[in-house]
>>> print(open('target-v7.cif').read())   # mmCIF, C-alpha atoms
data_my_file
loop_
_atom_site.label_atom_id
_atom_site.label_comp_id
_atom_site.auth_asym_id
_atom_site.auth_seq_id
_atom_site.Cartn_x
_atom_site.Cartn_y
_atom_site.Cartn_z
CA MET A 783 13.77 -26.49 -51.77
CA THR A 784 17.42 -25.43 -52.07
CA ARG A 785 20.18 -27.66 -53.40
CA PHE A 786 21.67 -27.69 -49.90
CA LEU A 787 18.48 -29.19 -48.46
CA TRP A 788 18.14 -31.71 -51.30
CA VAL A 789 21.66 -32.94 -50.58
CA ALA A 790 20.79 -33.38 -46.89
CA LEU A 791 17.69 -35.41 -47.79
CA ILE A 792 19.47 -37.60 -50.35
CA SER A 793 22.40 -38.20 -48.02
CA GLY A 794 19.97 -39.19 -45.26
CA VAL A 795 18.18 -41.66 -47.54
CA LEU A 796 21.49 -43.23 -48.63
CA PHE A 797 22.60 -43.41 -45.00
CA GLY A 798 19.34 -45.10 -43.94
CA VAL A 799 19.46 -47.62 -46.79
CA GLY A 800 23.11 -48.34 -45.94
CA LEU A 801 22.28 -48.94 -42.27
CA ALA A 802 19.42 -51.30 -43.13
CA MET A 803 21.42 -53.15 -45.79
CA SER A 804 24.42 -53.55 -43.50
CA GLY A 805 22.51 -55.30 -40.72
CA MET A 806 23.19 -52.57 -38.15
CA THR A 807 19.44 -52.18 -37.70
CA ASP A 808 19.20 -55.72 -36.30
CA PRO A 809 20.02 -55.42 -32.56
CA GLN A 810 20.47 -59.19 -32.23
CA ARG A 811 23.22 -59.04 -34.79
CA VAL A 812 24.79 -56.02 -33.10
CA LEU A 813 24.84 -57.80 -29.74
CA GLY A 814 26.33 -60.85 -31.47
CA PHE A 815 29.07 -58.58 -32.81
CA LEU A 816 29.72 -57.14 -29.34
CA ASP A 817 29.75 -60.61 -27.74
CA ILE A 818 33.40 -61.29 -28.52
CA PHE A 819 33.75 -63.70 -25.58
CA GLY A 820 30.72 -65.73 -26.62
CA ASP A 821 28.87 -66.38 -29.86
CA PHE A 822 30.86 -63.71 -31.77
CA ASP A 823 29.43 -62.62 -35.13
CA PRO A 824 32.17 -60.72 -36.98
CA THR A 825 29.96 -59.64 -39.91
CA LEU A 826 29.51 -56.09 -38.67
CA LEU A 827 33.27 -55.50 -38.82
CA PHE A 828 32.68 -55.19 -42.55
CA VAL A 829 30.21 -52.35 -41.94
CA LEU A 830 32.60 -50.12 -40.02
CA GLY A 831 35.46 -51.28 -42.23
CA GLY A 832 33.57 -50.48 -45.43
CA ALA A 833 32.32 -47.13 -44.18
CA VAL A 834 35.69 -45.97 -42.82
CA ALA A 835 37.53 -47.21 -45.92
CA VAL A 836 35.31 -44.92 -48.02
CA THR A 837 35.50 -41.89 -45.71
CA ALA A 838 39.23 -42.23 -45.01
CA ILE A 839 39.96 -42.02 -48.75
CA ALA A 840 37.19 -39.67 -49.87
CA PHE A 841 37.45 -37.16 -47.00
CA ARG A 842 41.12 -36.55 -47.83
CA PHE A 843 40.16 -35.33 -51.29
CA VAL A 844 37.04 -33.49 -50.16
CA LEU A 845 38.85 -31.60 -47.39
CA ARG A 846 41.52 -30.44 -49.83
CA ARG A 847 38.90 -28.22 -51.45
CA PRO A 848 38.78 -24.61 -50.24
CA ALA A 849 35.05 -24.99 -49.54
CA PRO A 850 32.17 -27.42 -50.03
CA VAL A 851 30.09 -27.17 -53.21
CA PHE A 852 26.88 -25.66 -51.76
CA ALA A 853 28.18 -23.95 -48.60
CA ASP A 854 30.83 -21.38 -47.77
CA ARG A 855 32.91 -23.51 -45.41
CA PHE A 856 33.41 -26.94 -43.88
CA GLN A 857 31.89 -27.14 -40.40
CA ILE A 858 34.05 -29.61 -38.57
CA SER A 859 34.74 -29.90 -34.86
CA HIS A 860 37.89 -28.07 -33.86
CA LEU A 861 37.87 -29.55 -30.39
CA ARG A 862 41.27 -30.94 -29.50
CA GLY A 863 42.53 -33.21 -26.80
CA VAL A 864 40.89 -36.12 -25.07
CA ASP A 865 38.98 -35.06 -21.97
CA ARG A 866 36.67 -36.52 -19.36
CA GLN A 867 33.55 -35.30 -21.15
CA LEU A 868 34.51 -37.20 -24.28
CA LEU A 869 35.51 -40.42 -22.55
CA GLY A 870 32.72 -40.33 -19.96
CA GLY A 871 30.09 -39.70 -22.61
CA ALA A 872 31.47 -42.39 -24.88
CA ALA A 873 31.58 -44.86 -21.97
CA LEU A 874 27.91 -44.22 -21.07
CA PHE A 875 26.90 -44.46 -24.72
CA GLY A 876 28.68 -47.81 -25.02
CA ILE A 877 26.86 -49.19 -21.98
CA GLY A 878 23.52 -48.22 -23.51
CA TRP A 879 24.56 -49.70 -26.87
CA GLY A 880 25.57 -52.94 -25.18
CA ILE A 881 22.29 -53.24 -23.26
CA ALA A 882 19.88 -53.00 -26.20
CA GLY A 883 22.01 -53.17 -29.36
CA TYR A 884 20.92 -49.80 -30.73
CA CYS A 885 23.03 -46.77 -31.53
CA PRO A 886 21.21 -43.60 -32.68
CA GLY A 887 21.11 -44.14 -36.48
CA PRO A 888 19.74 -47.69 -36.51
CA ALA A 889 17.21 -46.80 -33.81
CA LEU A 890 15.89 -43.99 -36.00
CA ALA A 891 15.82 -46.27 -39.05
CA GLY A 892 13.65 -48.62 -36.98
CA LEU A 893 11.05 -45.85 -36.75
CA GLY A 894 10.63 -46.27 -40.51
CA VAL A 895 9.02 -49.68 -39.94
CA LEU A 896 7.35 -48.56 -36.69
CA SER A 897 9.45 -51.07 -34.80
CA ARG A 898 8.06 -51.54 -31.28
CA GLU A 899 11.56 -51.33 -29.84
CA ALA A 900 12.43 -48.12 -31.70
CA LEU A 901 9.19 -46.54 -30.49
CA TRP A 902 10.42 -47.06 -26.90
CA PHE A 903 14.12 -46.46 -27.48
CA VAL A 904 14.04 -43.22 -29.51
CA PRO A 905 11.90 -41.17 -27.07
CA ALA A 906 14.13 -42.40 -24.22
CA MET A 907 17.20 -41.37 -26.24
CA VAL A 908 15.74 -37.89 -26.78
CA ALA A 909 14.94 -37.70 -23.06
CA GLY A 910 18.53 -38.68 -22.23
CA ALA A 911 19.88 -35.86 -24.40
CA LEU A 912 17.47 -33.38 -22.80
CA ILE A 913 18.51 -34.53 -19.32
CA HIS A 914 22.15 -33.95 -20.24
CA ARG A 915 21.27 -30.49 -21.51
CA ALA A 916 19.37 -29.72 -18.30
CA VAL A 917 22.14 -30.83 -15.95
CA THR A 918 24.87 -29.02 -17.88
CA ARG A 919 22.99 -25.72 -18.06
CA VAL A 920 23.43 -24.79 -14.42
CA MET B 915 24.49 -61.75 -51.37
CA SER B 916 25.90 -63.38 -48.29
CA GLY B 917 26.01 -61.66 -44.93
CA TRP B 918 29.44 -60.12 -45.15
CA MET B 919 28.82 -58.79 -48.65
CA THR B 920 25.66 -56.89 -47.70
CA ALA B 921 27.46 -55.70 -44.56
CA LEU B 922 30.35 -54.39 -46.66
CA ALA B 923 28.06 -52.85 -49.31
CA GLY B 924 25.89 -51.25 -46.62
CA GLY B 925 28.95 -49.90 -44.85
CA MET B 926 30.32 -48.43 -48.07
CA LEU B 927 26.95 -46.84 -48.77
CA ILE B 928 27.05 -45.24 -45.30
CA GLY B 929 30.53 -43.91 -46.08
CA ALA B 930 29.31 -42.61 -49.45
CA ALA B 931 26.37 -40.84 -47.81
CA ALA B 932 28.74 -39.16 -45.34
CA THR B 933 31.02 -38.15 -48.22
CA VAL B 934 28.13 -36.60 -50.18
CA LEU B 935 27.11 -34.52 -47.15
CA LEU B 936 30.67 -33.31 -46.53
CA LEU B 937 31.50 -32.61 -50.19
CA PHE B 938 28.35 -30.64 -51.03
CA ASN B 939 27.25 -29.17 -47.70
CA GLY B 940 30.44 -29.23 -45.62
CA ARG B 941 28.69 -31.03 -42.75
CA ILE B 942 29.55 -34.11 -40.73
CA ALA B 943 27.03 -36.95 -40.92
CA GLY B 944 26.73 -37.51 -37.19
CA VAL B 945 23.29 -38.80 -36.27
CA SER B 946 23.34 -37.93 -32.55
CA GLY B 947 24.67 -34.47 -33.38
CA MET B 948 21.81 -33.91 -35.79
CA VAL B 949 19.23 -35.05 -33.26
CA ASN B 950 20.74 -32.62 -30.73
CA GLY B 951 20.81 -29.87 -33.34
CA VAL B 952 17.09 -30.33 -33.83
CA LEU B 953 16.39 -30.45 -30.08
CA LEU B 954 18.41 -27.29 -29.42
CA PRO B 955 18.06 -25.37 -32.66
CA ARG B 956 20.17 -22.51 -33.85
CA ARG B 957 18.41 -20.40 -36.41
CA GLY B 958 18.84 -21.45 -40.03
CA ASP B 959 20.43 -24.72 -39.07
CA VAL B 960 17.48 -26.98 -38.40
CA ALA B 961 15.91 -27.73 -41.77
CA TRP B 962 18.81 -29.67 -43.27
CA ARG B 963 19.12 -31.80 -40.13
CA VAL B 964 15.40 -32.57 -40.13
CA LEU B 965 15.59 -33.56 -43.81
CA PHE B 966 18.62 -35.80 -43.28
CA LEU B 967 16.92 -37.53 -40.34
CA LEU B 968 13.62 -37.91 -42.24
CA GLY B 969 15.59 -39.33 -45.17
CA LEU B 970 17.32 -41.77 -42.83
CA VAL B 971 14.01 -42.95 -41.36
CA ALA B 972 12.46 -43.25 -44.83
CA GLY B 973 15.48 -44.94 -46.46
CA GLY B 974 15.85 -47.41 -43.62
CA GLY B 975 12.10 -48.04 -43.47
CA ILE B 976 11.78 -48.64 -47.22
CA TYR B 977 14.71 -51.08 -47.30
CA LEU B 978 13.49 -52.98 -44.23
CA SER B 979 9.95 -53.15 -45.65
CA LEU B 980 10.80 -54.16 -49.20
CA VAL B 981 13.74 -56.53 -48.88
CA PRO B 982 12.66 -59.97 -47.72
CA GLY B 983 14.32 -61.03 -44.50
CA ALA B 984 15.83 -57.61 -43.82
CA TYR B 985 13.53 -56.81 -40.90
CA THR B 986 13.68 -59.43 -38.15
CA PRO B 987 12.05 -57.92 -35.06
CA ARG B 988 13.21 -59.27 -31.71
CA ALA B 989 10.47 -60.67 -29.50
CA GLY B 990 10.21 -60.22 -25.77
CA PHE B 991 13.06 -57.78 -25.17
CA PRO B 992 12.10 -55.98 -21.94
CA VAL B 993 10.81 -52.43 -22.26
CA PRO B 994 12.66 -51.14 -19.15
CA ALA B 995 15.95 -52.25 -20.74
CA LEU B 996 15.08 -50.35 -23.92
CA VAL B 997 14.28 -47.22 -21.92
CA VAL B 998 17.44 -47.38 -19.78
CA ALA B 999 19.54 -48.04 -22.89
CA GLY B 1000 17.90 -45.14 -24.73
CA LEU B 1001 18.52 -42.76 -21.82
CA LEU B 1002 22.20 -43.77 -21.65
CA VAL B 1003 22.67 -43.46 -25.41
CA GLY B 1004 21.00 -40.04 -25.54
CA PHE B 1005 22.87 -38.71 -22.50
CA GLY B 1006 26.22 -40.23 -23.43
CA THR B 1007 26.27 -39.18 -27.07
CA ARG B 1008 25.44 -35.58 -26.16
CA MET B 1009 28.08 -35.55 -23.41
CA GLY B 1010 30.71 -37.16 -25.66
CA ASN B 1011 29.73 -35.18 -28.76
CA GLY B 1012 29.06 -38.10 -31.06
CA CYS B 1013 28.10 -41.70 -31.68
CA THR B 1014 28.97 -44.50 -34.06
CA SER B 1015 28.44 -42.29 -37.10
CA GLY B 1016 30.02 -39.00 -36.00
CA HIS B 1017 33.00 -40.44 -34.15
CA GLY B 1018 33.11 -43.81 -35.93
CA VAL B 1019 32.40 -43.31 -39.62
CA CYS B 1020 33.33 -39.61 -39.94
CA GLY B 1021 35.83 -39.07 -37.10
CA LEU B 1022 37.92 -42.12 -37.94
CA GLY B 1023 37.65 -41.16 -41.63
CA ARG B 1024 39.34 -37.84 -40.96
CA LEU B 1025 41.87 -39.46 -38.60
CA SER B 1026 40.69 -37.57 -35.51
CA LEU B 1027 42.45 -38.71 -32.33
CA ARG B 1028 39.51 -37.57 -30.21
CA SER B 1029 37.19 -39.75 -32.24
CA LEU B 1030 39.55 -42.71 -32.06
CA ALA B 1031 39.61 -42.37 -28.26
CA ALA B 1032 35.79 -42.18 -28.21
CA VAL B 1033 35.38 -45.22 -30.48
CA LEU B 1034 37.79 -47.34 -28.43
CA THR B 1035 35.96 -46.28 -25.25
CA PHE B 1036 32.43 -47.01 -26.41
CA MET B 1037 33.46 -50.28 -28.06
CA ALA B 1038 35.11 -51.33 -24.79
CA THR B 1039 32.14 -50.49 -22.57
CA ALA B 1040 29.68 -51.98 -25.07
CA ILE B 1041 31.65 -55.24 -25.20
CA ALA B 1042 31.97 -55.29 -21.39
CA THR B 1043 28.23 -54.65 -20.97
CA THR B 1044 27.31 -57.41 -23.40
CA PHE B 1045 29.70 -59.75 -21.61
CA LEU B 1046 28.21 -58.99 -18.19
CA ILE B 1047 24.63 -59.38 -19.40
CA ARG B 1048 25.17 -62.55 -21.43
CA HIS B 1049 27.80 -64.42 -19.43
CA VAL B 1050 27.75 -63.13 -15.85
CA TRP B 1051 24.22 -62.14 -14.93
CA SER B 1052 22.21 -64.59 -17.02
#
>>> encode(input="target-v7.cif", output="structure tokens")
Amino acid sequence: MTRFLWVALISGVLFGVGLAMSGMTDPQRVLGFLDIFGDFDPTLLFVLGGAVAVTAIAFRFVLRRPAPVFADRFQISHLRGVDRQLLGGAALFGIGWGIAGYCPGPALAGLGVLSREALWFVPAMVAGALIHRAVTRV
Amino acid sequence: MSGWMTALAGGMLIGAAATVLLLFNGRIAGVSGMVNGVLLPRRGDVAWRVLFLLGLVAGGGIYLSLVPGAYTPRAGFPVPALVVAGLLVGFGTRMGNGCTSGHGVCGLGRLSLRSLAAVLTFMATAIATTFLIRHVWS
């Protein structure tokens, strides 16, 4: 296996451990975090805060390099401007997140313990992506 | 460790994982984007995504299995709600080009205005959905 693939695997493992450690994989906690008008649980603010604090500092240094270590260039979205696709998609995603308490990463991490909920949610999520692909490929 | 400390440590680990992937491979650690990249593959660009996602499932699964009290499955959450939520999350994240990790952890980290707009939108609809379900319809 190439160094590039090893990095992807190791990064995925770290990401999964981070999600599980942070409490993001517990949908009850996520819904408590989203319930700001009720029984608000602010703990998960520390997750996004901690993650963005690291990336906001580290990405500045990383992106100053001419290229990544094991690839020829940085592949970053060059899309600009806020459009209906972006906001509409984000709005629908938020509704789904608020119904069940799962965003994509934690749902996948739940597969690692064969969580009953993840076994329903993840195939539905894949189906949702495929439906979007089908309706946009006219 | 108390709740906020594991939340902070987990969040920082997520940020570190995203930094490793960007520094070495030049890729953004966006979970929904990787799922979509596997569903609609471009040649030579599938293996690293599969490995990251497998690592995420394994890392999350190992932590949730080994750490006492980390995995607290929710009982009795209705399956139709999981399916509808999954469909919305899959559709919305593909339409809006990202989820909590791509727009949240990575997009905010590189100070992307598009990602900030997406994060504010999905946080708003997620909070509104949770409010409606918990305080209006129940």
>>> residues_around(input="target-v7.cif", residues="Ile1041 in chain B", least_positions_apart="3", cutoff="7 Å", atoms="all atoms listed in the file", output="PyMOL selection string")
(chain A and resi 816-817+880) or (chain B and resi 1037-1038+1044-1045)
>>> write_last_selection(input="target-v7.cif", atoms="C-alpha atoms", output="PDB file, in the coordinates of the input")
ATOM      1  CA  LEU A 816      29.720 -57.140 -29.340  1.00  0.00           C
ATOM      2  CA  ASP A 817      29.750 -60.610 -27.740  1.00  0.00           C
ATOM      3  CA  GLY A 880      25.570 -52.940 -25.180  1.00  0.00           C
TER       4      GLY A 880
ATOM      5  CA  MET B1037      33.460 -50.280 -28.060  1.00  0.00           C
ATOM      6  CA  ALA B1038      35.110 -51.330 -24.790  1.00  0.00           C
ATOM      7  CA  THR B1044      27.310 -57.410 -23.400  1.00  0.00           C
ATOM      8  CA  PHE B1045      29.700 -59.750 -21.610  1.00  0.00           C
TER       9      PHE B1045
END
>>> residues_near_point(input="target-v7.cif", point="(23.4, -38.5, -24.4)", cutoff="9 Å", atoms="all atoms listed in the file", output="VMD selection string")
(chain A and resid 871 to 872 874 to 875 907 to 915) or (chain B and resid 946 1000 to 1012)
>>> interface_residues(input="target-v7.cif", of="chain A", to="chain B", cutoff="6 Å", atoms="only C-alpha atoms", output="PyMOL selection string")
chain A and resi 787+790-791+793-800+802-804+816-817+825+828-829+832-834+836-838+844+850-853+856-857+864+867-869+871-882+887+890-891+894-895+903+906-908+910-911+914
>>> atom_distance(input="target-v7.cif", atom1="CA of Met783 in chain A", atom2="CA of Arg855 in chain A")
20.4 Å
>>> atom_distance(input="target-v7.cif", atom1="CA of Arg956 in chain B", atom2="CA of Arg866 in chain A")
26.0 Å
>>> atom_distance(input="target-v7.cif", atom1="CA of Ile792 in chain A", atom2="CA of Pro888 in chain A")
17.1 Å
